[in-house]
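So this one's data30.csv, CSV, C-alpha atoms:
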```
chain,number,residue,atom,x,y,z
J,233,MET,CA,-43.0,144.3,-77.7
J,234,GLU,CA,-41.5,140.9,-78.3
J,235,GLN,CA,-42.2,138.4,-75.5
J,236,ARG,CA,-39.5,135.9,-74.7
J,237,GLN,CA,-39.3,132.7,-72.6
J,238,LEU,CA,-37.3,133.2,-69.4
J,239,GLY,CA,-34.9,130.4,-69.5
J,240,ARG,CA,-36.4,126.9,-69.2
J,241,SER,CA,-39.6,128.1,-67.5
J,242,GLY,CA,-43.2,128.9,-68.4
J,243,LEU,CA,-42.7,132.6,-67.7
J,244,ARG,CA,-42.6,135.0,-70.7
J,245,VAL,CA,-41.0,138.4,-70.3
J,246,PRO,CA,-40.7,141.4,-72.6
J,247,ALA,CA,-37.5,141.9,-74.5
J,248,LEU,CA,-37.1,145.2,-72.7
J,249,ALA,CA,-37.8,145.5,-68.9
J,250,PHE,CA,-37.8,148.7,-66.8
J,251,GLY,CA,-35.3,149.1,-63.9
J,252,ALA,CA,-36.6,151.1,-60.9
J,253,GLY,CA,-33.2,151.9,-59.5
J,254,THR,CA,-33.9,155.6,-60.2
J,255,PHE,CA,-36.9,155.6,-57.9
J,256,GLY,CA,-36.4,157.1,-54.5
J,257,GLY,CA,-32.9,158.8,-54.6
J,258,ARG,CA,-31.6,157.7,-51.2
J,259,GLY,CA,-28.0,157.0,-50.4
J,260,GLU,CA,-24.7,157.8,-52.2
J,261,LEU,CA,-25.2,155.5,-55.2
J,262,PHE,CA,-29.0,155.8,-55.7
J,263,SER,CA,-29.2,159.5,-55.3
J,264,ALA,CA,-26.8,159.7,-58.2
J,265,TRP,CA,-29.0,157.4,-60.3
J,266,GLY,CA,-32.1,159.4,-59.8
J,267,ASP,CA,-34.8,160.6,-57.4
J,268,THR,CA,-38.0,159.8,-59.2
J,269,ASP,CA,-41.1,160.3,-57.0
J,270,VAL,CA,-44.5,158.5,-57.2
J,271,ALA,CA,-45.9,160.9,-59.7
J,272,GLY,CA,-42.9,160.6,-61.9
J,273,ALA,CA,-42.9,156.8,-61.5
J,274,ARG,CA,-46.5,156.6,-62.6
J,275,GLU,CA,-45.7,158.5,-65.8
J,276,LEU,CA,-42.8,156.2,-66.6
J,277,VAL,CA,-44.9,153.1,-65.8
J,278,ASP,CA,-47.7,154.5,-68.1
J,279,ILE,CA,-45.2,154.7,-71.0
J,280,CYS,CA,-43.8,151.2,-70.3
J,281,LEU,CA,-47.2,149.5,-70.2
J,282,GLU,CA,-48.3,151.3,-73.3
J,283,ALA,CA,-45.2,150.0,-75.1
J,284,GLY,CA,-45.7,146.4,-73.8
J,285,VAL,CA,-42.9,146.7,-71.2
J,286,THR,CA,-44.5,144.7,-68.4
J,287,LEU,CA,-41.5,143.6,-66.3
J,288,PHE,CA,-40.4,146.0,-63.6
J,289,ASP,CA,-37.2,145.3,-61.7
J,290,THR,CA,-36.2,146.6,-58.3
J,291,ALA,CA,-34.4,145.5,-55.0
J,292,ASP,CA,-34.8,145.9,-51.3
J,293,VAL,CA,-31.5,147.9,-51.2
J,294,TYR,CA,-32.5,150.3,-53.8
J,295,SER,CA,-32.8,153.6,-52.0
J,296,ASP,CA,-33.3,151.7,-48.7
J,297,GLY,CA,-36.6,150.2,-49.9
J,298,ALA,CA,-38.0,153.4,-51.3
J,299,SER,CA,-37.7,152.0,-54.8
J,300,GLU,CA,-40.0,149.1,-54.0
J,301,GLU,CA,-42.4,151.4,-52.2
J,302,ILE,CA,-42.7,153.9,-55.1
J,303,LEU,CA,-43.0,151.1,-57.7
J,304,GLY,CA,-45.8,149.5,-55.6
J,305,ARG,CA,-47.7,152.8,-55.5
J,306,ALA,CA,-47.1,153.4,-59.2
J,307,LEU,CA,-48.6,150.1,-60.1
J,308,GLU,CA,-51.7,150.5,-57.9
J,309,GLY,CA,-54.9,149.6,-59.8
J,310,ARG,CA,-52.9,147.8,-62.5
J,311,ARG,CA,-50.9,145.2,-60.7
J,312,ASP,CA,-52.3,142.4,-62.9
J,313,GLN,CA,-50.8,144.1,-66.0
J,314,ALA,CA,-47.3,143.8,-64.7
J,315,LEU,CA,-44.6,141.4,-63.6
J,316,ILE,CA,-42.6,142.4,-60.6
J,317,SER,CA,-39.0,141.3,-60.1
J,318,THR,CA,-37.1,142.2,-56.9
J,319,LYS,CA,-33.8,141.1,-55.3
J,320,ILE,CA,-32.8,140.4,-51.7
J,321,GLY,CA,-29.7,139.2,-49.9
J,322,LEU,CA,-27.4,142.2,-49.7
J,323,PRO,CA,-26.8,143.9,-46.3
J,324,THR,CA,-29.5,146.3,-45.2
J,325,GLY,CA,-27.8,147.3,-42.0
J,326,PRO,CA,-24.7,146.6,-39.9
J,327,GLY,CA,-26.0,143.7,-37.9
J,328,PRO,CA,-25.4,140.0,-38.6
J,329,LEU,CA,-29.1,139.4,-39.0
J,330,GLN,CA,-29.3,142.2,-41.6
J,331,ARG,CA,-27.5,140.4,-44.4
J,332,GLY,CA,-27.6,137.1,-46.3
J,333,THR,CA,-30.2,134.5,-47.3
J,334,SER,CA,-30.7,132.3,-44.2
J,335,ARG,CA,-34.2,130.8,-43.9
J,336,ALA,CA,-35.3,133.4,-41.4
J,337,ARG,CA,-34.0,136.4,-43.2
J,338,LEU,CA,-35.2,135.2,-46.6
J,339,VAL,CA,-38.8,134.9,-45.3
J,340,ASP,CA,-38.6,138.2,-43.5
J,341,ARG,CA,-37.2,140.1,-46.5
J,342,VAL,CA,-39.8,138.6,-48.8
J,343,ASP,CA,-42.6,139.6,-46.5
J,344,ALA,CA,-41.2,143.1,-46.1
J,345,ALA,CA,-40.9,143.4,-49.9
J,346,LEU,CA,-44.5,142.3,-50.4
J,347,ARG,CA,-45.6,145.1,-48.0
J,348,ARG,CA,-43.6,147.7,-49.7
J,349,LEU,CA,-44.7,146.6,-53.1
J,350,ARG,CA,-48.3,146.5,-52.0
J,351,THR,CA,-48.8,143.1,-53.5
J,352,ASP,CA,-49.4,139.5,-52.5
J,353,ARG,CA,-46.8,137.9,-54.8
J,354,ILE,CA,-43.4,138.5,-56.3
J,355,ASP,CA,-43.3,137.2,-59.9
J,356,LEU,CA,-39.5,136.8,-59.9
J,357,LEU,CA,-37.4,136.7,-56.8
J,358,GLN,CA,-33.6,137.0,-57.3
J,359,LEU,CA,-30.8,136.5,-54.8
J,360,HIS,CA,-28.8,139.7,-55.1
J,361,ALA,CA,-25.5,138.1,-54.1
J,362,HIS,CA,-24.1,134.7,-53.2
J,363,ASP,CA,-24.2,134.1,-49.4
J,364,ALA,CA,-21.4,131.7,-48.6
J,365,ALA,CA,-22.6,131.3,-45.0
J,366,THR,CA,-26.0,129.8,-45.8
J,367,PRO,CA,-25.9,126.1,-46.8
J,368,PRO,CA,-27.3,125.5,-50.3
J,369,GLU,CA,-29.7,122.9,-49.0
J,370,GLU,CA,-31.2,125.5,-46.6
J,371,LEU,CA,-31.4,128.1,-49.3
J,372,GLY,CA,-33.0,125.7,-51.8
J,373,ALA,CA,-35.6,124.4,-49.4
J,374,SER,CA,-36.5,128.0,-48.3
J,375,LEU,CA,-36.9,129.1,-52.0
J,376,ASP,CA,-39.0,126.0,-52.7
J,377,GLN,CA,-41.3,126.8,-49.8
J,378,LEU,CA,-41.7,130.4,-50.9
J,379,VAL,CA,-42.8,129.3,-54.3
J,380,ARG,CA,-45.2,126.6,-52.9
J,381,SER,CA,-46.7,129.3,-50.6
J,382,GLY,CA,-47.6,131.4,-53.6
J,383,LYS,CA,-45.5,134.4,-52.4
J,384,VAL,CA,-43.0,133.9,-55.2
J,385,GLY,CA,-43.5,132.8,-58.8
J,386,TYR,CA,-40.0,132.0,-60.0
J,387,VAL,CA,-36.5,132.4,-58.6
J,388,GLY,CA,-33.2,133.6,-60.0
J,389,VAL,CA,-29.8,134.9,-59.0
J,390,SER,CA,-27.6,137.9,-59.6
J,391,ASN,CA,-23.9,138.5,-59.3
J,392,TRP,CA,-23.1,134.8,-58.8
J,393,SER,CA,-20.2,132.9,-60.4
J,394,GLY,CA,-20.7,130.0,-62.7
J,395,TRP,CA,-19.8,127.3,-60.1
J,396,GLN,CA,-22.1,128.9,-57.5
J,397,LEU,CA,-25.1,128.9,-59.9
J,398,MET,CA,-24.3,125.4,-61.1
J,399,HIS,CA,-24.2,124.1,-57.5
J,400,ALA,CA,-27.6,125.6,-56.7
J,401,ILE,CA,-29.1,124.0,-59.8
J,402,ASP,CA,-27.6,120.6,-58.8
J,403,VAL,CA,-28.9,120.8,-55.3
J,404,ALA,CA,-32.4,121.8,-56.5
J,405,ARG,CA,-32.4,118.9,-59.0
J,406,GLU,CA,-31.3,116.4,-56.4
J,407,HIS,CA,-34.2,117.3,-54.0
J,408,GLY,CA,-36.9,118.1,-56.6
J,409,TRP,CA,-37.0,121.8,-55.6
J,410,VAL,CA,-37.6,124.8,-57.8
J,411,ARG,CA,-34.4,125.9,-59.4
J,412,PRO,CA,-33.1,129.3,-60.7
J,413,VAL,CA,-34.4,130.2,-64.2
J,414,ALA,CA,-33.0,133.7,-64.3
J,415,ASN,CA,-29.6,135.3,-63.9
J,416,GLN,CA,-29.5,139.1,-63.6
J,417,VAL,CA,-26.0,140.0,-65.0
J,418,TYR,CA,-23.9,142.9,-66.0
J,419,TYR,CA,-23.4,142.7,-69.8
J,420,SER,CA,-22.6,145.4,-72.3
J,421,LEU,CA,-20.3,146.2,-75.3
J,422,LEU,CA,-17.8,147.3,-72.7
J,423,GLY,CA,-18.3,144.3,-70.3
J,424,ARG,CA,-18.5,141.0,-72.1
J,425,ASP,CA,-17.3,138.7,-69.2
J,426,TYR,CA,-20.8,137.1,-69.1
J,427,GLU,CA,-19.9,135.3,-72.3
J,428,TRP,CA,-17.1,133.2,-70.8
J,429,ASP,CA,-18.8,130.9,-68.3
J,430,LEU,CA,-22.3,132.2,-67.4
J,431,MET,CA,-23.7,132.3,-71.0
J,432,PRO,CA,-22.8,128.7,-71.8
J,433,LEU,CA,-24.1,127.6,-68.4
J,434,GLY,CA,-27.4,129.5,-69.2
J,435,ALA,CA,-27.7,127.9,-72.6
J,436,ARG,CA,-27.0,124.4,-71.4
J,437,HIS,CA,-29.2,124.5,-68.3
J,438,GLY,CA,-32.0,126.9,-69.2
J,439,VAL,CA,-31.2,130.0,-67.3
J,440,GLY,CA,-32.2,133.2,-69.0
J,441,ALA,CA,-30.2,136.4,-68.7
J,442,LEU,CA,-31.7,139.7,-67.5
J,443,VAL,CA,-29.2,142.3,-68.4
J,444,TRP,CA,-28.5,145.2,-66.1
J,445,SER,CA,-26.5,148.4,-67.0
J,446,PRO,CA,-26.6,147.8,-70.7
J,447,LEU,CA,-25.1,151.3,-71.2
J,448,ALA,CA,-22.1,150.5,-68.9
J,449,TRP,CA,-22.8,153.0,-66.2
J,450,GLY,CA,-23.7,155.7,-68.7
J,451,ARG,CA,-20.6,155.4,-70.8
J,452,LEU,CA,-22.5,154.3,-73.9
J,453,THR,CA,-25.1,157.1,-73.9
J,454,GLY,CA,-23.1,158.9,-76.7
J,455,ARG,CA,-22.4,161.8,-74.4
J,456,ILE,CA,-18.9,160.5,-73.4
J,457,ARG,CA,-16.7,161.5,-76.3
J,458,ARG,CA,-13.0,161.4,-77.2
J,459,GLY,CA,-11.3,164.7,-76.3
J,460,ALA,CA,-14.4,166.2,-74.6
J,461,PRO,CA,-15.0,166.7,-70.9
J,462,VAL,CA,-17.6,164.5,-69.1
J,463,PRO,CA,-20.9,166.4,-69.1
J,464,THR,CA,-21.6,168.1,-65.8
J,465,ASP,CA,-24.9,166.3,-65.4
J,466,SER,CA,-23.5,162.9,-66.1
J,467,ARG,CA,-23.9,160.2,-63.5
J,468,LEU,CA,-20.6,158.6,-64.4
J,469,PRO,CA,-18.3,160.5,-61.9
J,470,ALA,CA,-20.5,159.4,-59.0
J,471,THR,CA,-21.2,155.8,-60.1
J,472,ALA,CA,-18.1,154.7,-62.0
J,473,LYS,CA,-16.4,153.5,-58.8
J,474,PHE,CA,-19.1,150.9,-58.3
J,475,GLY,CA,-18.3,149.1,-61.5
J,476,PRO,CA,-15.2,147.7,-63.3
J,477,PRO,CA,-12.7,150.1,-64.7
J,478,VAL,CA,-12.7,150.7,-68.5
J,479,ASP,CA,-9.8,151.6,-70.6
J,480,ASP,CA,-10.4,155.0,-72.2
J,481,GLU,CA,-9.1,154.1,-75.6
J,482,ARG,CA,-11.4,151.0,-75.8
J,483,LEU,CA,-14.3,153.1,-74.6
J,484,PHE,CA,-13.8,155.7,-77.3
J,485,ALA,CA,-13.3,153.1,-80.0
J,486,VAL,CA,-16.6,151.5,-79.0
J,487,VAL,CA,-18.4,154.8,-78.9
J,488,ASP,CA,-17.0,155.8,-82.3
J,489,GLU,CA,-18.3,152.6,-83.9
J,490,LEU,CA,-21.7,152.9,-82.1
J,491,SER,CA,-22.0,156.5,-83.4
J,492,ALA,CA,-21.2,155.5,-86.9
J,493,ILE,CA,-23.7,152.7,-87.0
J,494,ALA,CA,-26.3,154.9,-85.3
J,495,ALA,CA,-25.9,157.4,-88.1
J,496,GLU,CA,-26.3,154.7,-90.7
J,497,ALA,CA,-29.4,153.2,-89.1
J,498,GLY,CA,-31.1,156.6,-88.2
J,499,ALA,CA,-30.9,155.6,-84.5
J,500,THR,CA,-29.3,156.8,-81.3
J,501,VAL,CA,-26.2,155.5,-79.7
J,502,PRO,CA,-28.1,154.0,-76.7
J,503,GLN,CA,-30.5,152.3,-79.1
J,504,VAL,CA,-27.7,150.6,-80.9
J,505,ALA,CA,-26.0,149.5,-77.7
J,506,ILE,CA,-29.2,148.0,-76.3
J,507,ALA,CA,-30.2,146.4,-79.6
J,508,TRP,CA,-26.9,144.6,-79.9
J,509,LEU,CA,-27.6,142.9,-76.5
J,510,LEU,CA,-31.1,141.8,-77.6
J,511,GLY,CA,-29.5,139.6,-80.3
J,512,ARG,CA,-27.1,137.8,-77.9
J,513,PRO,CA,-27.6,134.2,-76.9
J,514,THR,CA,-29.5,133.5,-73.7
J,515,VAL,CA,-30.6,137.1,-73.2
J,516,ALA,CA,-34.2,137.1,-72.2
J,517,SER,CA,-34.6,140.7,-71.4
J,518,VAL,CA,-32.5,143.9,-71.2
J,519,ILE,CA,-33.3,146.2,-68.2
J,520,ILE,CA,-33.4,149.8,-69.2
J,521,GLY,CA,-33.5,152.7,-66.7
J,522,ALA,CA,-34.6,156.3,-67.3
J,523,ARG,CA,-35.0,159.4,-65.3
J,524,THR,CA,-37.2,161.2,-67.8
J,525,PRO,CA,-39.9,160.2,-70.3
J,526,GLN,CA,-37.7,161.3,-73.1
J,527,GLN,CA,-34.9,158.9,-72.1
J,528,LEU,CA,-37.3,156.1,-71.7
J,529,ARG,CA,-38.9,156.6,-75.1
J,530,ASP,CA,-35.5,156.7,-76.7
J,531,ASN,CA,-34.4,153.5,-75.1
J,532,LEU,CA,-37.6,151.8,-76.1
J,533,GLY,CA,-36.7,152.4,-79.7
J,534,ALA,CA,-34.0,149.7,-79.4
J,535,ALA,CA,-36.7,147.0,-79.5
J,536,THR,CA,-37.4,147.6,-83.2
J,537,LEU,CA,-33.9,148.3,-84.4
J,538,ALA,CA,-32.3,145.8,-86.8
J,539,PHE,CA,-28.7,145.5,-88.0
J,540,ASP,CA,-27.1,143.9,-91.0
J,541,ALA,CA,-24.4,141.2,-90.6
J,542,CYS,CA,-21.6,143.7,-91.4
J,543,GLN,CA,-22.8,146.1,-88.7
J,544,LEU,CA,-23.0,143.3,-86.1
J,545,ALA,CA,-19.5,142.1,-87.0
J,546,ARG,CA,-18.2,145.7,-86.5
J,547,LEU,CA,-19.7,145.9,-83.1
J,548,ASP,CA,-18.4,142.5,-82.1
J,549,ALA,CA,-14.9,143.3,-83.3
J,550,VAL,CA,-14.5,146.7,-81.7
J,551,SER,CA,-15.8,145.4,-78.3
J,552,ALA,CA,-13.9,142.2,-78.3
J,553,VAL,CA,-11.4,141.4,-75.6
J,554,GLU,CA,-9.0,138.6,-75.1
J,555,ALA,CA,-10.7,135.6,-73.5
J,556,PRO,CA,-9.1,134.4,-70.2
J,557,TYR,CA,-7.8,130.9,-69.7
J,558,PRO,CA,-9.1,128.3,-70.2
J,559,HIS,CA,-11.3,129.9,-72.8
J,560,PHE,CA,-8.8,131.4,-75.2
J,561,PRO,CA,-7.8,128.1,-76.9
J,562,TYR,CA,-11.4,127.5,-77.9
J,563,ARG,CA,-11.4,131.0,-79.6
J,564,ARG,CA,-7.9,130.8,-81.1
J,565,GLN,CA,-7.4,127.2,-82.2
J,566,GLU,CA,-9.5,125.2,-84.6
J,567,GLY,CA,-9.0,121.9,-82.8
J,568,PHE,CA,-10.3,123.3,-79.5
J,569,ALA,CA,-13.2,125.1,-81.2
J,570,LEU,CA,-14.3,121.9,-83.1
J,571,LEU,CA,-14.7,120.2,-79.7
J,572,ASP,CA,-16.5,123.0,-77.9
J,573,PRO,CA,-17.4,125.9,-80.2
J,574,PRO,CA,-18.1,129.3,-78.5
J,575,LEU,CA,-21.7,130.5,-78.5
J,576,VAL,CA,-20.6,133.9,-79.8
```
Give the structure from the file, written as structure tokens.
Amino acid sequence: MEQRQLGRSGLRVPALAFGAGTFGGRGELFSAWGDTDVAGARELVDICLEAGVTLFDTADVYSDGASEEILGRALEGRRDQALISTKIGLPTGPGPLQRGTSRARLVDRVDAALRRLRTDRIDLLQLHAHDAATPPEELGASLDQLVRSGKVGYVGVSNWSGWQLMHAIDVAREHGWVRPVANQVYYSLLGRDYEWDLMPLGARHGVGALVWSPLAWGRLTGRIRRGAPVPTDSRLPATAKFGPPVDDERLFAVVDELSAIAAEAGATVPQVAIAWLLGRPTVASVIIGARTPQQLRDNLGAATLAFDACQLARLDAVSAVEAPYPHFPYRRQEGFALLDPPLV
């Protein structure tokens, strides 16, 4: 498994990571994702470590903490072979002290995550959402102290806008604190918004992307087809409302092209969709999820899949969408592009 530098940091991560959102099965969203127990998690972790997938991603809100608990138990006896990434900040209850990233809550949630994960350190701590109520100076100082204490190795963000991330980097630089080196983002052939602002920011300031939902909520598994009903065991009906809407015609066009290239390459549709992401600028690791060993092994095949220039151009073209203002002049007009050429 290829190892890549995570942004402008000393941390190297595998090109593919494993997402433990399918562990636990509690709650409306996560019960639809999966209900993997400890025994099933150990089997999936075995497959990952054997393939060189050493980064495991979870969050305190995944199945109300059960995902962290199960991951911790699955890694018992081999913690030093793995990197653990978890996320905090989203509400865990109705009270005002049960949400956000204030100093007190940040420390409390990190300590709780360490207990659930059965470890003394979190290799990568990511802020699951931007908390407008916590001053950036308070947040930056708190993260810096967590790293200095040894409880956290590196820090990152998830679901932040470009200006929010840039402000956090500026505050950290001003005070000499640790700064975000990772940005966990939604990015897929059906969701290319990451390219407009966050990708150039990551390239300029050394923030590596960890991609979540590379198969667009299960739309790019190859099982959602033009003129056919959604399979009865698909997660899409239960999870689609949590993500952005997708035009059906665009979805089918992308899946048709994916299927054609998969046939040419002797690969599967998910492998092609994931492999396309592995070649995009700033992408450090693509987080794959699986409920079964078969799904996991299939997704792992993306790591060795290669495309020719024509196949890449076909995927780029079929998935392209019109860039929003102020980005579209730089993609339409030569004069703009000469001044600031797009990364992709």
Would you pick out the contacts of range 412-426 of chain J at 6 Å or less, using all atoms listed in the file, so that residues sharing its chain but fewer than 6 positions from it are not included, and give the list as an NGL selection string?
:J and (239 or 387-390 or 439-444 or 446 or 551)
Could the residues in this selection be saved with C-alpha atoms as a compact mmCIF listing (two decimals), in the frame of the given file?
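Result file is part.txt:
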```
# COMPACT_ATOMS: atom_id res chain seq x y z
CA GLY J 239 -34.90 130.40 -69.50
CA VAL J 387 -36.50 132.40 -58.60
CA GLY J 388 -33.20 133.60 -60.00
CA VAL J 389 -29.80 134.90 -59.00
CA SER J 390 -27.60 137.90 -59.60
CA VAL J 439 -31.20 130.00 -67.30
CA GLY J 440 -32.20 133.20 -69.00
CA ALA J 441 -30.20 136.40 -68.70
CA LEU J 442 -31.70 139.70 -67.50
CA VAL J 443 -29.20 142.30 -68.40
CA TRP J 444 -28.50 145.20 -66.10
CA PRO J 446 -26.60 147.80 -70.70
CA SER J 551 -15.80 145.40 -78.30
```
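Proximity to Pro561 in chain J was assessed for J:Pro573, J:Leu338, J:Val277, J:Asp269 counting all atoms listed in the file; the smallest distance is recorded for J:Pro573.
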Between CA of Val339 in chain J and CA of Met398 in chain J, what is the spacing in Å?
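These two atoms are separated by 23.5 Å.
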Pick from J:Leu329, J:Ala541, J:Ala364, J:Leu281, whichever lies nearest to Ala306 in chain J using all atoms listed in the file:
J:Leu281
Six-sided padding of 4 Å per side, axis-aligned box over range 291-302 of chain J, centre and edges in Å, one decimal, as JSON:
```
{"center_x": -37.1, "center_y": 149.7, "center_z": -51.9, "size_x": 19.2, "size_y": 16.4, "size_z": 14.4}
```
Show me the residues around (-35.6, 154.0, -79.4) - criterion: an atom at most 10 Å away, all atoms listed in the file counted - as a list in words.
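The distance filter leaves exactly Ala499, Thr500, Val501, Pro502, Gln503, Val504, Ile506, Ala507, Gln526, Gln527, Leu528, Arg529, Asp530, Asn531, Leu532, Gly533, Ala534, Ala535, Thr536 and Leu537 of chain J.
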